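Reviewing the structure listed below.
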Amino acid sequence: MNLQNAQKTVDEWIKTHGVRYFNELTNMAQLTEEVGEVARIIARRYGEQSEKESDKDKDLGEELADVVFVVLCLANQTGVDLQAVFDKKLELKTKRDHNRHHANKKLQ
């Protein structure tokens with residue numbers, strides 16, 4: 001699924017299962033919360049913090065999907081075509097970063 005289809009799918013889901021989009025500030029708060037949940041899993045599972053028993057059953061993929069869902073909501077309600085801006089950003093990063101990363105001794 002490309003980003004345009006994902007945005008349409010989320011919009012259809014909101015119209016079918018939700019009453020309306022939460023406002024942008026509420027969605028921003030939700031995004032922050034979801035990113036925090038991803039950070040907690042990463043820090044405890046892959047970082048130096050010990051994983052609490054209550055965190056062991058948490059699914060990183062589900063939490064990442066929550067982040068993507070809220071980002072798609074924010075894009076829809078603010079009129080951002082994520083596919084277009086993602087393609088543009090990837091082109092920019094490709095031009096800007098290809099040689100830089102290959103020349104970075106820390107990455108070799």
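In the structure tokens, chains take the letters A, B, ... in the order shown, each chain's residues start at 1, and ligands count up from 1 in the order shown.
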If you run DSSP on the backbone, which residues of stretch 8-97 of chain A are helix (DSSP H, G or I), as a ChimeraX atom specification?
/A:8-17,24-45,53-55,60-78,82-97
Let me see the file: selected residues, C-alpha atoms, as a PDB file, in the first residue's frame.
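Final file, out-v9.pdb:
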ATOM      1  CA  LYS A   8      -7.551   7.176   1.941  1.00  0.00           C
ATOM      2  CA  THR A   9      -7.939   4.009   4.003  1.00  0.00           C
ATOM      3  CA  VAL A  10      -7.575   5.935   7.268  1.00  0.00           C
ATOM      4  CA  ASP A  11     -10.023   8.599   6.060  1.00  0.00           C
ATOM      5  CA  GLU A  12     -12.579   5.918   5.154  1.00  0.00           C
ATOM      6  CA  TRP A  13     -12.042   4.255   8.545  1.00  0.00           C
ATOM      7  CA  ILE A  14     -12.622   7.545  10.379  1.00  0.00           C
ATOM      8  CA  LYS A  15     -15.802   8.182   8.366  1.00  0.00           C
ATOM      9  CA  THR A  16     -17.077   4.631   8.916  1.00  0.00           C
ATOM     10  CA  HIS A  17     -16.020   3.858  12.497  1.00  0.00           C
ATOM     11  CA  GLU A  24      -5.055  18.556  15.413  1.00  0.00           C
ATOM     12  CA  LEU A  25      -3.862  19.334  18.931  1.00  0.00           C
ATOM     13  CA  THR A  26      -5.459  16.179  20.319  1.00  0.00           C
ATOM     14  CA  ASN A  27      -3.896  14.122  17.533  1.00  0.00           C
ATOM     15  CA  MET A  28      -0.519  15.742  18.222  1.00  0.00           C
ATOM     16  CA  ALA A  29      -0.850  14.717  21.870  1.00  0.00           C
ATOM     17  CA  GLN A  30      -1.817  11.192  20.779  1.00  0.00           C
ATOM     18  CA  LEU A  31       1.183  11.059  18.453  1.00  0.00           C
ATOM     19  CA  THR A  32       3.473  12.086  21.290  1.00  0.00           C
ATOM     20  CA  GLU A  33       1.965   9.378  23.490  1.00  0.00           C
ATOM     21  CA  GLU A  34       2.375   6.696  20.820  1.00  0.00           C
ATOM     22  CA  VAL A  35       5.980   7.704  20.088  1.00  0.00           C
ATOM     23  CA  GLY A  36       6.614   7.486  23.827  1.00  0.00           C
ATOM     24  CA  GLU A  37       5.328   3.919  23.843  1.00  0.00           C
ATOM     25  CA  VAL A  38       7.677   3.044  20.972  1.00  0.00           C
ATOM     26  CA  ALA A  39      10.559   4.705  22.817  1.00  0.00           C
ATOM     27  CA  ARG A  40       9.803   2.737  25.976  1.00  0.00           C
ATOM     28  CA  ILE A  41       9.901  -0.589  24.129  1.00  0.00           C
ATOM     29  CA  ILE A  42      13.109   0.311  22.264  1.00  0.00           C
ATOM     30  CA  ALA A  43      14.831   1.611  25.405  1.00  0.00           C
ATOM     31  CA  ARG A  44      13.980  -1.454  27.440  1.00  0.00           C
ATOM     32  CA  ARG A  45      14.254  -4.150  24.788  1.00  0.00           C
ATOM     33  CA  GLU A  53       7.553  -7.776  33.204  1.00  0.00           C
ATOM     34  CA  SER A  54       4.563  -5.653  32.177  1.00  0.00           C
ATOM     35  CA  ASP A  55       6.387  -4.521  29.013  1.00  0.00           C
ATOM     36  CA  LEU A  60       6.697  -2.969  18.812  1.00  0.00           C
ATOM     37  CA  GLY A  61       4.992  -3.415  15.448  1.00  0.00           C
ATOM     38  CA  GLU A  62       1.598  -2.520  16.895  1.00  0.00           C
ATOM     39  CA  GLU A  63       3.006   0.586  18.531  1.00  0.00           C
ATOM     40  CA  LEU A  64       4.713   1.655  15.293  1.00  0.00           C
ATOM     41  CA  ALA A  65       1.398   1.119  13.479  1.00  0.00           C
ATOM     42  CA  ASP A  66      -0.282   3.397  16.042  1.00  0.00           C
ATOM     43  CA  VAL A  67       2.289   6.095  15.208  1.00  0.00           C
ATOM     44  CA  VAL A  68       1.667   5.678  11.473  1.00  0.00           C
ATOM     45  CA  PHE A  69      -2.115   5.830  11.960  1.00  0.00           C
ATOM     46  CA  VAL A  70      -1.957   9.130  13.848  1.00  0.00           C
ATOM     47  CA  VAL A  71       0.523  10.596  11.339  1.00  0.00           C
ATOM     48  CA  LEU A  72      -1.896   9.668   8.545  1.00  0.00           C
ATOM     49  CA  CYS A  73      -4.744  11.329  10.462  1.00  0.00           C
ATOM     50  CA  LEU A  74      -2.724  14.514  10.884  1.00  0.00           C
ATOM     51  CA  ALA A  75      -1.784  14.528   7.209  1.00  0.00           C
ATOM     52  CA  ASN A  76      -5.410  14.076   6.174  1.00  0.00           C
ATOM     53  CA  GLN A  77      -6.790  16.801   8.362  1.00  0.00           C
ATOM     54  CA  THR A  78      -4.092  19.314   7.423  1.00  0.00           C
ATOM     55  CA  LEU A  82       2.324  12.368   2.298  1.00  0.00           C
ATOM     56  CA  GLN A  83       3.191  10.429  -0.852  1.00  0.00           C
ATOM     57  CA  ALA A  84       4.208  13.595  -2.692  1.00  0.00           C
ATOM     58  CA  VAL A  85       6.219  15.069   0.165  1.00  0.00           C
ATOM     59  CA  PHE A  86       7.808  11.717   1.034  1.00  0.00           C
ATOM     60  CA  ASP A  87       8.926  11.213  -2.571  1.00  0.00           C
ATOM     61  CA  LYS A  88      10.334  14.758  -2.628  1.00  0.00           C
ATOM     62  CA  LYS A  89      12.108  14.253   0.721  1.00  0.00           C
ATOM     63  CA  LEU A  90      13.608  10.927  -0.382  1.00  0.00           C
ATOM     64  CA  GLU A  91      14.948  12.540  -3.554  1.00  0.00           C
ATOM     65  CA  LEU A  92      16.491  15.365  -1.523  1.00  0.00           C
ATOM     66  CA  LYS A  93      18.047  12.967   0.990  1.00  0.00           C
ATOM     67  CA  THR A  94      19.406  10.792  -1.828  1.00  0.00           C
ATOM     68  CA  LYS A  95      21.162  13.721  -3.459  1.00  0.00           C
ATOM     69  CA  ARG A  96      22.374  15.218  -0.194  1.00  0.00           C
ATOM     70  CA  ASP A  97      23.353  12.176   1.829  1.00  0.00           C
TER      71      ASP A  97
END
Students should find that atom CA of A:His102 and atom CA of A:Gly47 are spaced 26.2 Å
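For the pair atom CA of A:Asn5 and atom CA of A:Tyr21, the interatomic distance is 17.8 Å.
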